[in-house]
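This report concerns only the one structure given below.
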Amino acid sequence: MEIGRVVGTVVSTIKSSGLNSYKLLIVTPLAVGEEPAAAQTAKDYVAIDLVGAGEGEVVLVTTGSAARVLDATDVPTDAAIIAVIDTIQIGSRNAYSKA
């Protein structure tokens, strides 16, 4: 799993039927230091949204075979947003807070 920020959306009128009920979002991977920032070697990618995330939100993404949708094995995906992150705490330090 990795942490990322939603930076945009993808609209596609023609796509695999397994993707019809999913929103497609563009995600930038984040490195968590003093605060989440784009990873130095980050490459944006498209992920299906399983939780209703929106642009600008920090999210948890799973990739590879773990990204397969449990109730629909015919969904061709390599990345899925599985959570919207509210806070990130490293030790006693708050690295990120949504509010």
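Starting from 1 in every chain, residues are counted up; chains themselves are A, B, ... following the order of the structure tokens, and ligands are numbered from 1 as listed.
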
(request) Write down as a PyMOL selection string the residues belonging to chain A that are assigned strand (DSSP E) by DSSP computed on the backbone. (result) chain A and resi 2-10+23-32+36-38+45-49+58-63+79-84+87-90+93-97

(message) Set the distance at 9 Å and use only C-alpha atoms: which residues neighbour Leu25 of chain A once local chain neighbours fewer than 4 positions away are removed? I'd like the list as a list in words.
(response) Val6, Val7, Gly8, Thr9, Val10, Val11, Tyr45, Val46, Ala47, Ile48, Asp49, Ala53, Gly54, Glu55 and Ile81 of chain A

Using N, CA and C atoms, can you write the selected residues to a file as a PDB file, in the first residue's frame?
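Generated output (again09.pdb):
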ATOM      1  N   VAL A   6      -4.883  12.757  -4.494  1.00  0.00           N
ATOM      2  CA  VAL A   6      -5.696  12.806  -5.709  1.00  0.00           C
ATOM      3  C   VAL A   6      -5.465  14.164  -6.365  1.00  0.00           C
ATOM      4  N   VAL A   7      -5.011  14.141  -7.626  1.00  0.00           N
ATOM      5  CA  VAL A   7      -4.692  15.389  -8.325  1.00  0.00           C
ATOM      6  C   VAL A   7      -5.579  15.637  -9.536  1.00  0.00           C
ATOM      7  N   GLY A   8      -6.439  14.694  -9.880  1.00  0.00           N
ATOM      8  CA  GLY A   8      -7.301  14.901 -11.034  1.00  0.00           C
ATOM      9  C   GLY A   8      -8.210  13.719 -11.272  1.00  0.00           C
ATOM     10  N   THR A   9      -8.996  13.830 -12.322  1.00  0.00           N
ATOM     11  CA  THR A   9      -9.930  12.768 -12.686  1.00  0.00           C
ATOM     12  C   THR A   9      -9.723  12.375 -14.142  1.00  0.00           C
ATOM     13  N   VAL A  10     -10.184  11.185 -14.474  1.00  0.00           N
ATOM     14  CA  VAL A  10     -10.155  10.693 -15.841  1.00  0.00           C
ATOM     15  C   VAL A  10     -11.596  10.397 -16.237  1.00  0.00           C
ATOM     16  N   VAL A  11     -12.013  10.927 -17.371  1.00  0.00           N
ATOM     17  CA  VAL A  11     -13.359  10.656 -17.883  1.00  0.00           C
ATOM     18  C   VAL A  11     -13.205   9.839 -19.150  1.00  0.00           C
ATOM     19  N   TYR A  45      -0.421   8.084 -11.548  1.00  0.00           N
ATOM     20  CA  TYR A  45      -1.082   6.922 -12.123  1.00  0.00           C
ATOM     21  C   TYR A  45      -2.587   7.038 -11.900  1.00  0.00           C
ATOM     22  N   VAL A  46      -3.330   6.207 -12.588  1.00  0.00           N
ATOM     23  CA  VAL A  46      -4.785   6.193 -12.469  1.00  0.00           C
ATOM     24  C   VAL A  46      -5.190   5.042 -11.548  1.00  0.00           C
ATOM     25  N   ALA A  47      -6.128   5.335 -10.641  1.00  0.00           N
ATOM     26  CA  ALA A  47      -6.647   4.315  -9.722  1.00  0.00           C
ATOM     27  C   ALA A  47      -8.165   4.380  -9.722  1.00  0.00           C
ATOM     28  N   ILE A  48      -8.805   3.228  -9.511  1.00  0.00           N
ATOM     29  CA  ILE A  48     -10.260   3.259  -9.348  1.00  0.00           C
ATOM     30  C   ILE A  48     -10.553   3.688  -7.916  1.00  0.00           C
ATOM     31  N   ASP A  49     -11.650   4.416  -7.751  1.00  0.00           N
ATOM     32  CA  ASP A  49     -12.024   4.942  -6.442  1.00  0.00           C
ATOM     33  C   ASP A  49     -13.093   4.054  -5.820  1.00  0.00           C
ATOM     34  N   ALA A  53     -13.390   9.271  -2.812  1.00  0.00           N
ATOM     35  CA  ALA A  53     -12.370  10.297  -2.604  1.00  0.00           C
ATOM     36  C   ALA A  53     -12.578  11.454  -3.579  1.00  0.00           C
ATOM     37  N   GLY A  54     -12.013  12.610  -3.228  1.00  0.00           N
ATOM     38  CA  GLY A  54     -12.128  13.773  -4.087  1.00  0.00           C
ATOM     39  C   GLY A  54     -10.777  14.391  -4.362  1.00  0.00           C
ATOM     40  N   GLU A  55     -10.741  15.301  -5.317  1.00  0.00           N
ATOM     41  CA  GLU A  55      -9.497  15.957  -5.696  1.00  0.00           C
ATOM     42  C   GLU A  55      -8.894  16.691  -4.496  1.00  0.00           C
ATOM     43  N   ILE A  81      -8.103   2.968  -4.776  1.00  0.00           N
ATOM     44  CA  ILE A  81      -8.125   3.814  -3.578  1.00  0.00           C
ATOM     45  C   ILE A  81      -9.037   3.125  -2.578  1.00  0.00           C
TER      46      ILE A  81
END

(message) Just checking: using only C-alpha atoms, which residue out of A:Ile82, A:Leu19, A:Met1, A:Val51 ends up closest to Thr63 of chain A?
(response)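 The closest residue to Thr63 of chain A is A:Met1.
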
(message) Residues near Gly64 of chain A, anyone? I mean within 8 Å using only C-alpha atoms, not counting same-chain ones fewer than 2 positions away, as number ranges by chain.
(response) A: 62, 66-68, 77-79

(message) Between atom CA of Thr13 of chain A and atom CA of Leu50 of chain A, what distance in Å does the model show, to one decimal?
(response)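 The value is 19.1 Å.
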
(message) I'd like the interatomic distance between atom CA of Pro29 of chain A and atom CA of Glu2 of chain A, to a tenth of an Å.
(response) 7.1 Å

(message) Between A:Ala42, A:Ile85, A:Val27, A:Val75, which residue has the minimum interatomic distance to Gly4 of chain A, considering only C-alpha atoms?
(response) A:Val27

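Proximity of A:Lys15, A:Lys43, A:Lys23, A:Arg5 to Val84 of chain A, computed with only C-alpha atoms, is greatest for A:Arg5.
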
(message) For a quick check of understanding, using only C-alpha atoms, which of A:Gly91, A:Ser21, A:Tyr96, A:Leu30 has the smallest distance to Val61 of chain A?
(response) A:Leu30

(request) Quick one: pull the distance between atom CA of Thr87 of chain A and atom CA of Gly52 of chain A, Å, one decimal. (result) 17.4 Å
